[in-house]
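Just query00.txt here, compact mmCIF, C-alpha atoms:
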```txt
# COMPACT_ATOMS: atom_id res chain seq x y z
CA MET A 1 37.98 -9.06 -6.26
CA ARG A 2 37.32 -5.38 -5.58
CA CYS A 3 39.07 -4.44 -8.82
CA TRP A 4 36.88 -6.93 -10.65
CA ALA A 5 33.69 -5.61 -9.04
CA GLN A 6 34.71 -2.06 -9.89
CA LYS A 7 35.19 -2.97 -13.54
CA CYS A 8 31.74 -4.52 -13.64
CA ALA A 9 29.74 -2.03 -11.59
CA GLY A 10 31.69 1.10 -12.38
CA GLY A 11 31.49 0.81 -16.13
CA GLY A 12 28.20 2.64 -16.27
CA ILE A 13 25.63 2.04 -18.96
CA ASN A 14 28.37 2.21 -21.61
CA PHE A 15 30.12 -0.83 -20.14
CA SER A 16 31.82 -2.52 -23.10
CA TYR A 17 33.27 -5.81 -21.83
CA THR A 18 32.29 -8.86 -23.85
CA HIS A 19 30.91 -12.00 -22.22
CA GLU A 20 34.21 -13.74 -22.94
CA GLN A 21 36.21 -11.04 -21.16
CA ILE A 22 33.87 -11.16 -18.19
CA ALA A 23 34.13 -14.95 -18.01
CA ALA A 24 37.92 -14.67 -18.06
CA LEU A 25 37.91 -12.11 -15.25
CA ALA A 26 35.38 -14.09 -13.21
CA ALA A 27 37.55 -17.19 -13.58
CA GLN A 28 40.03 -15.49 -11.25
CA THR A 29 37.40 -15.72 -8.50
CA TYR A 30 34.69 -18.20 -7.65
CA TRP A 31 32.07 -15.76 -8.98
CA LYS A 32 30.56 -17.05 -12.22
CA PRO A 33 29.09 -14.88 -14.99
CA TYR A 34 25.61 -16.37 -14.55
CA ASP A 35 25.37 -16.55 -10.76
CA ASN A 36 22.93 -14.40 -8.81
CA TYR A 37 23.80 -10.83 -7.90
CA ILE A 38 22.16 -7.80 -6.34
CA LEU A 39 23.62 -4.31 -6.08
CA CYS A 40 23.29 -1.69 -3.36
CA TYR A 41 24.21 1.92 -4.19
CA ILE A 42 24.83 4.75 -1.73
CA PRO A 43 25.22 8.16 -3.42
CA PHE A 44 27.56 10.75 -1.98
CA GLU A 45 25.14 13.57 -2.91
CA ASN A 46 27.98 16.11 -2.94
CA ARG A 47 28.71 15.41 0.73
CA LEU A 48 32.46 15.55 1.36
CA SER A 49 32.02 14.07 4.84
CA LEU A 50 30.58 10.90 3.32
CA SER A 51 32.91 10.63 0.33
CA SER A 52 35.96 11.02 2.58
CA LYS A 53 34.85 7.94 4.51
CA GLY A 54 34.18 5.89 1.37
CA GLU A 55 36.76 3.16 1.93
CA TYR A 56 35.80 2.80 5.59
CA LEU A 57 32.12 2.54 4.68
CA VAL A 58 32.87 -0.07 2.01
CA THR A 59 34.78 -2.22 4.51
CA LEU A 60 32.00 -1.82 7.07
CA LEU A 61 29.34 -2.87 4.56
CA GLU A 62 31.33 -5.88 3.41
CA ASN A 63 31.97 -7.10 6.95
CA ARG A 64 28.39 -6.61 8.13
CA CYS A 65 26.99 -8.25 5.01
CA ARG A 66 29.33 -11.21 5.47
CA THR A 67 28.31 -11.52 9.13
CA VAL A 68 24.56 -11.37 8.53
CA LEU A 69 24.45 -13.36 5.28
CA CYS A 70 26.77 -16.27 5.98
CA ASP A 71 26.42 -17.83 2.51
CA THR A 72 26.80 -14.52 0.69
CA ASP A 73 30.00 -12.90 -0.51
CA SER A 74 30.02 -9.19 -1.25
CA ARG A 75 32.48 -6.64 -2.56
CA GLY A 76 32.14 -2.89 -2.42
CA VAL A 77 33.77 -0.22 -4.53
CA VAL A 78 34.11 3.54 -4.16
CA LEU A 79 32.99 5.25 -7.33
CA GLY A 80 33.29 8.92 -8.15
CA HIS A 81 29.67 9.58 -7.23
CA GLY A 82 28.99 7.03 -4.51
CA ILE A 83 29.52 3.51 -3.22
CA ALA A 84 28.38 0.28 -4.87
CA LEU A 85 28.13 -2.98 -2.94
CA VAL A 86 27.78 -6.09 -5.12
CA ALA A 87 26.38 -9.11 -3.29
CA HIS A 88 26.97 -12.59 -4.71
CA LEU A 89 23.94 -14.61 -3.60
CA PRO A 90 23.60 -18.38 -3.17
CA SER A 91 20.18 -18.58 -4.84
CA SER A 92 17.85 -16.68 -7.16
CA ASP A 93 15.47 -15.90 -4.30
CA GLU A 94 15.82 -12.21 -3.40
CA LYS A 95 14.55 -13.01 0.09
CA VAL A 96 18.03 -14.26 1.04
CA PHE A 97 19.18 -10.63 0.90
CA LEU A 98 16.39 -9.26 3.13
CA PRO A 99 18.06 -9.97 6.51
CA PHE A 100 20.78 -7.50 5.55
CA LEU A 101 18.35 -4.60 5.10
CA PRO A 102 17.86 -3.80 8.83
CA VAL A 103 21.65 -3.75 9.22
CA LEU A 104 21.97 -1.51 6.17
CA GLN A 105 19.28 0.77 7.61
CA GLU A 106 21.27 1.13 10.82
CA ILE A 107 24.43 2.03 8.90
CA LEU A 108 22.62 4.55 6.74
CA VAL A 109 21.15 6.27 9.79
CA SER A 110 24.64 6.53 11.32
CA PHE A 111 26.06 8.07 8.14
CA GLN A 112 22.93 10.11 7.35
CA ALA A 113 22.82 8.50 3.93
CA LYS A 114 20.34 6.75 1.66
CA ALA A 115 20.63 3.64 -0.50
CA GLY A 116 19.06 2.12 -3.58
CA ILE A 117 18.72 -1.63 -4.18
CA SER A 118 18.66 -3.12 -7.68
CA CYS A 119 16.60 -6.05 -8.86
CA MET A 120 18.23 -9.46 -8.84
CA CYS A 121 20.35 -10.20 -11.91
CA ASN A 122 21.99 -13.43 -13.01
CA ASP A 123 24.48 -11.97 -15.42
CA LEU A 124 27.59 -10.08 -14.37
CA TYR A 125 27.41 -8.23 -17.66
CA SER A 126 24.21 -6.63 -16.32
CA LEU A 127 25.81 -5.07 -13.25
CA PRO A 128 26.09 -1.60 -14.86
CA VAL A 129 22.33 -1.77 -15.42
CA SER A 130 21.91 -2.87 -11.81
CA LEU A 131 23.89 0.20 -10.75
CA GLN A 132 21.60 2.38 -12.80
CA GLN A 133 18.56 0.70 -11.23
CA ALA A 134 19.83 1.30 -7.70
CA ALA A 135 20.73 4.93 -8.45
CA THR A 136 17.33 5.49 -10.04
CA ALA A 137 15.60 3.94 -7.03
CA VAL A 138 17.19 6.52 -4.72
CA ARG A 139 16.54 9.47 -7.01
CA THR A 140 12.93 8.51 -7.74
CA GLY A 141 11.99 7.13 -4.35
CA VAL A 142 13.17 10.08 -2.31
CA LYS A 143 10.72 12.33 -4.17
CA ARG A 144 7.79 10.40 -2.66
CA GLN A 145 9.25 9.41 0.70
CA SER A 146 12.05 11.80 1.63
CA VAL A 147 12.51 10.37 5.14
CA LYS A 148 12.95 6.80 3.97
CA LYS A 149 16.47 5.35 3.91
CA ILE A 150 16.30 2.34 1.57
CA PHE A 151 14.64 2.34 -1.84
CA ARG A 152 14.22 -0.81 -3.92
CA PHE A 153 13.98 -0.42 -7.68
CA SER A 154 11.17 -2.97 -7.84
CA GLU A 155 9.10 -0.62 -5.67
CA CYS A 156 10.04 2.53 -7.61
CA ALA A 157 9.75 1.20 -11.18
CA LEU A 158 6.22 2.53 -11.66
CA ASP A 159 7.26 6.01 -10.51
CA TYR A 160 10.18 5.85 -12.94
CA ILE A 161 7.86 4.89 -15.81
CA ILE A 162 5.43 7.69 -14.99
CA GLU A 163 8.24 10.22 -14.54
CA ASN A 164 9.62 9.48 -17.98
CA CYS A 165 6.23 9.31 -19.66
CA THR A 166 5.17 12.66 -18.23
CA SER A 167 8.39 14.56 -18.86
CA SER A 168 7.17 15.94 -22.20
CA PHE A 169 3.46 16.46 -21.46
CA ARG A 170 1.28 18.01 -18.79
CA TRP A 171 -0.62 15.60 -16.58
CA GLU A 172 -3.84 17.04 -18.03
CA ASP A 173 -2.79 15.73 -21.43
CA LEU A 174 -2.04 12.24 -20.12
CA ALA A 175 -4.76 11.65 -17.53
CA HIS A 176 -7.90 9.85 -18.67
CA PRO A 177 -10.49 12.47 -19.76
CA CYS A 178 -13.12 10.96 -17.47
CA ILE A 179 -11.32 12.28 -14.39
CA ARG A 180 -11.45 15.87 -15.62
CA THR A 181 -15.08 15.37 -16.56
CA LEU A 182 -16.00 14.01 -13.13
CA LEU A 183 -14.06 16.66 -11.21
CA SER A 184 -15.79 19.40 -13.18
CA TYR A 185 -19.20 17.76 -12.72
CA ASP A 186 -18.64 17.37 -8.98
CA ARG A 187 -17.68 21.03 -8.59
CA GLU A 188 -20.78 22.19 -10.43
CA ASN A 189 -23.25 19.80 -8.78
CA GLY A 190 -21.84 19.12 -5.32
CA THR A 191 -21.50 15.39 -6.01
CA GLU A 192 -18.71 12.87 -5.31
CA LEU A 193 -18.57 10.88 -8.52
CA CYS A 194 -14.81 11.17 -8.93
CA LYS A 195 -14.22 9.99 -5.38
CA THR A 196 -16.70 7.17 -5.96
CA LEU A 197 -14.69 5.98 -8.95
CA ARG A 198 -11.43 6.21 -7.01
CA VAL A 199 -12.85 4.17 -4.13
CA PHE A 200 -14.22 1.62 -6.60
CA ILE A 201 -10.75 1.13 -8.04
CA ARG A 202 -9.09 1.11 -4.60
CA CYS A 203 -11.49 -1.67 -3.54
CA ARG A 204 -10.62 -3.69 -6.65
CA TYR A 205 -14.02 -3.11 -8.20
CA ASN A 206 -15.82 -4.75 -5.28
CA VAL A 207 -19.19 -3.00 -5.01
CA LEU A 208 -19.97 -4.22 -1.49
CA GLN A 209 -16.59 -3.15 -0.08
CA ALA A 210 -16.58 0.18 -1.94
CA SER A 211 -20.14 1.11 -0.91
CA SER A 212 -19.29 0.28 2.71
CA MET A 213 -16.22 2.52 2.53
CA LEU A 214 -18.39 5.42 1.37
CA TYR A 215 -21.18 4.61 3.86
CA ILE A 216 -23.85 4.27 1.19
CA HIS A 217 -26.12 1.42 0.11
CA ARG A 218 -24.71 -0.91 -2.53
CA SER A 219 -27.63 -0.16 -4.88
CA THR A 220 -26.90 3.57 -4.56
CA PHE A 221 -23.27 2.88 -5.31
CA SER A 222 -24.16 0.83 -8.41
CA VAL A 223 -26.33 3.69 -9.65
CA ARG A 224 -23.38 6.06 -9.26
CA ILE A 225 -21.08 3.78 -11.25
CA LYS A 226 -23.61 3.50 -14.07
CA ARG A 227 -24.00 7.28 -14.01
CA ILE A 228 -20.21 7.67 -14.28
CA GLU A 229 -20.07 5.36 -17.30
CA ILE A 230 -22.86 7.24 -19.06
CA LEU A 231 -21.52 10.70 -18.20
CA CYS A 232 -17.99 9.85 -19.34
CA GLY A 233 -18.88 7.50 -22.19
CA ILE A 234 -16.70 4.69 -20.85
CA ASP A 235 -17.02 1.00 -20.11
CA LEU A 236 -15.32 0.08 -16.84
CA GLU A 237 -15.23 -3.55 -17.94
CA GLU A 238 -12.53 -2.66 -20.49
CA GLU A 239 -9.09 -3.46 -19.12
CA SER A 240 -7.31 -0.64 -20.97
CA VAL A 241 -9.79 1.90 -19.59
CA ARG A 242 -9.29 0.64 -16.05
CA LEU A 243 -5.51 0.76 -16.40
CA HIS A 244 -5.51 4.30 -17.82
CA ILE A 245 -7.77 5.56 -15.05
CA LEU A 246 -5.72 3.81 -12.35
CA ILE A 247 -2.45 5.32 -13.60
CA SER A 248 -4.12 8.72 -13.86
CA PHE A 249 -5.26 8.60 -10.25
CA TYR A 250 -1.83 7.39 -9.15
CA LEU A 251 -0.15 10.29 -10.94
CA MET A 252 -2.57 12.91 -9.60
CA GLU A 253 -2.31 11.63 -6.04
CA ALA A 254 1.49 11.75 -6.24
CA LYS A 255 1.27 15.38 -7.33
CA GLY A 256 -1.43 16.25 -4.75
CA LEU A 257 -3.92 17.24 -7.45
CA LEU A 258 -7.03 15.50 -6.17
CA PRO A 259 -9.44 17.50 -3.97
CA PHE A 260 -10.10 14.46 -1.80
CA THR A 261 -8.26 11.61 -0.09
CA VAL A 262 -9.09 7.94 0.03
CA GLY A 263 -8.06 5.93 3.08
```
Let me see whether you can do it: turn the structure in this file into structure tokens.
Amino acid sequence: MRCWAQKCAGGGINFSYTHEQIAALAAQTYWKPYDNYILCYIPFENRLSLSSKGEYLVTLLENRCRTVLCDTDSRGVVLGHGIALVAHLPSSDEKVFLPFLPVLQEILVSFQAKAGISCMCNDLYSLPVSLQQAATAVRTGVKRQSVKKIFRFSECALDYIIENCTSSFRWEDLAHPCIRTLLSYDRENGTELCKTLRVFIRCRYNVLQASSMLYIHRSTFSVRIKRIEILCGIDLEEESVRLHILISFYLMEAKGLLPFTVG
């Protein structure tokens, strides 16, 4: 089984097995090509102390996973760059894997390691992609939360999208122009229009909640929003405008580029 898991997970993104070959290999086990799987990846990060204990860590992970998740079978493999644990799940509900996370956290603390968790997949042929997801989750997630131990790709996907979209351009080129306009206006006039807009978005465009957060009257808040729309030439009722502004704020906050914070 470990050999089989290694062929699936260790193939990388250039994995070239056909569905027929996978089905033939899976027939040697009770794993089926279209069952439910999730992959956990622990990178070695050039740490010889961790890589030298690879086989021991694999066995530990398998045993603890089997103990905690009684209906789940798992197989780990030592790759050249880390460890991959493939869990064969009894259902398509990812929640069945959650009880294992506190145990995984404990193991990671002991080994001073970190782990990435892929999204659920129901195709063994997709395991190389799952490996890439888990590896990306660690690499991307640690940039925002360096002390965290477990990173799930589903929680890091937005950061991955933004990272790849901003690799060729400056944030100034990608952020919605209204944010630059408001920041400049606020500096020159001592106002808080940019913060007002951020709070409005954070409160899901709820005027009453947003005005309360800023300790101003709702009518005053509404006047500010109308002023923002006129000053920037935007319509906050347009979905694409809202999305662009939201992503812009998210990016700038991640880079620490806003002169204010919103609780």
Selected residue of minimal separation from Glu155 of chain A among A:Phe111, A:Leu127, A:Ser118, A:Leu182, counting all atoms listed in the file: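 Answer, going by the shortest atom-to-atom distance: A:Ser118.
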Choose the residue, out of A:Glu229, A:Glu163, A:Glu94, A:Glu62, that has the smallest atom-to-atom separation from Arg242 of chain A; count only C-alpha atoms.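 Ranked by minimum distance to Arg242 of chain A, first place goes to A:Glu229.
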Quick one, how far is atom CA of Thr191 of chain A from atom CA of Arg224 of chain A?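 Interatomic distance here is 10.1 Å.
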One decimal, Å: what's the distance from atom CA of His88 of chain A over to atom CA of Tyr37 of chain A, could you say? 4.8 Å
What's the 6 Å shell around segment 133-147 of chain A, counting all atoms listed in the file, without same-chain residues fewer than 2 positions away, as a VMD selection string? chain A and resid 41 116 to 118 130 to 131 151 to 153 156
Of the candidates A:Leu193, A:Ile201, A:Ile150, A:Val68, which shows the shortest atom-to-atom distance to His244 of chain A, using all atoms listed in the file? A:Ile201
Which one of A:Glu188, A:Ser74, A:Ser219, A:Leu61 sits closest to Tyr30 of chain A if you count only C-alpha atoms?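 Smallest separation from Tyr30 of chain A among the options: A:Ser74.
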Smallest atom-to-atom distance to His176 of chain A: which of A:Met213, A:Leu50, A:Ile245, A:Leu197, using only C-alpha atoms?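 Going through A:Met213, A:Leu50, A:Ile245, A:Leu197 one by one, the smallest distance to His176 of chain A is for A:Ile245.
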Which residue, A:Ser92, A:Ser222, A:Thr196, A:Gln132, has the smallest gap to Leu183 of chain A when you use only C-alpha atoms?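 For Leu183 of chain A, the nearest of the given residues is A:Thr196.
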So which residues touch Ile247 of chain A within 10 Å, counting all atoms listed in the file, skipping near sequence neighbours fewer than 3 positions away, as an MDAnalysis selection string? chainID A and resid 158 162 174:176 242:244 250:253
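Of note, atom CA of Leu231 of chain A and atom CA of Ser168 of chain A are spaced 29.4 Å apart.
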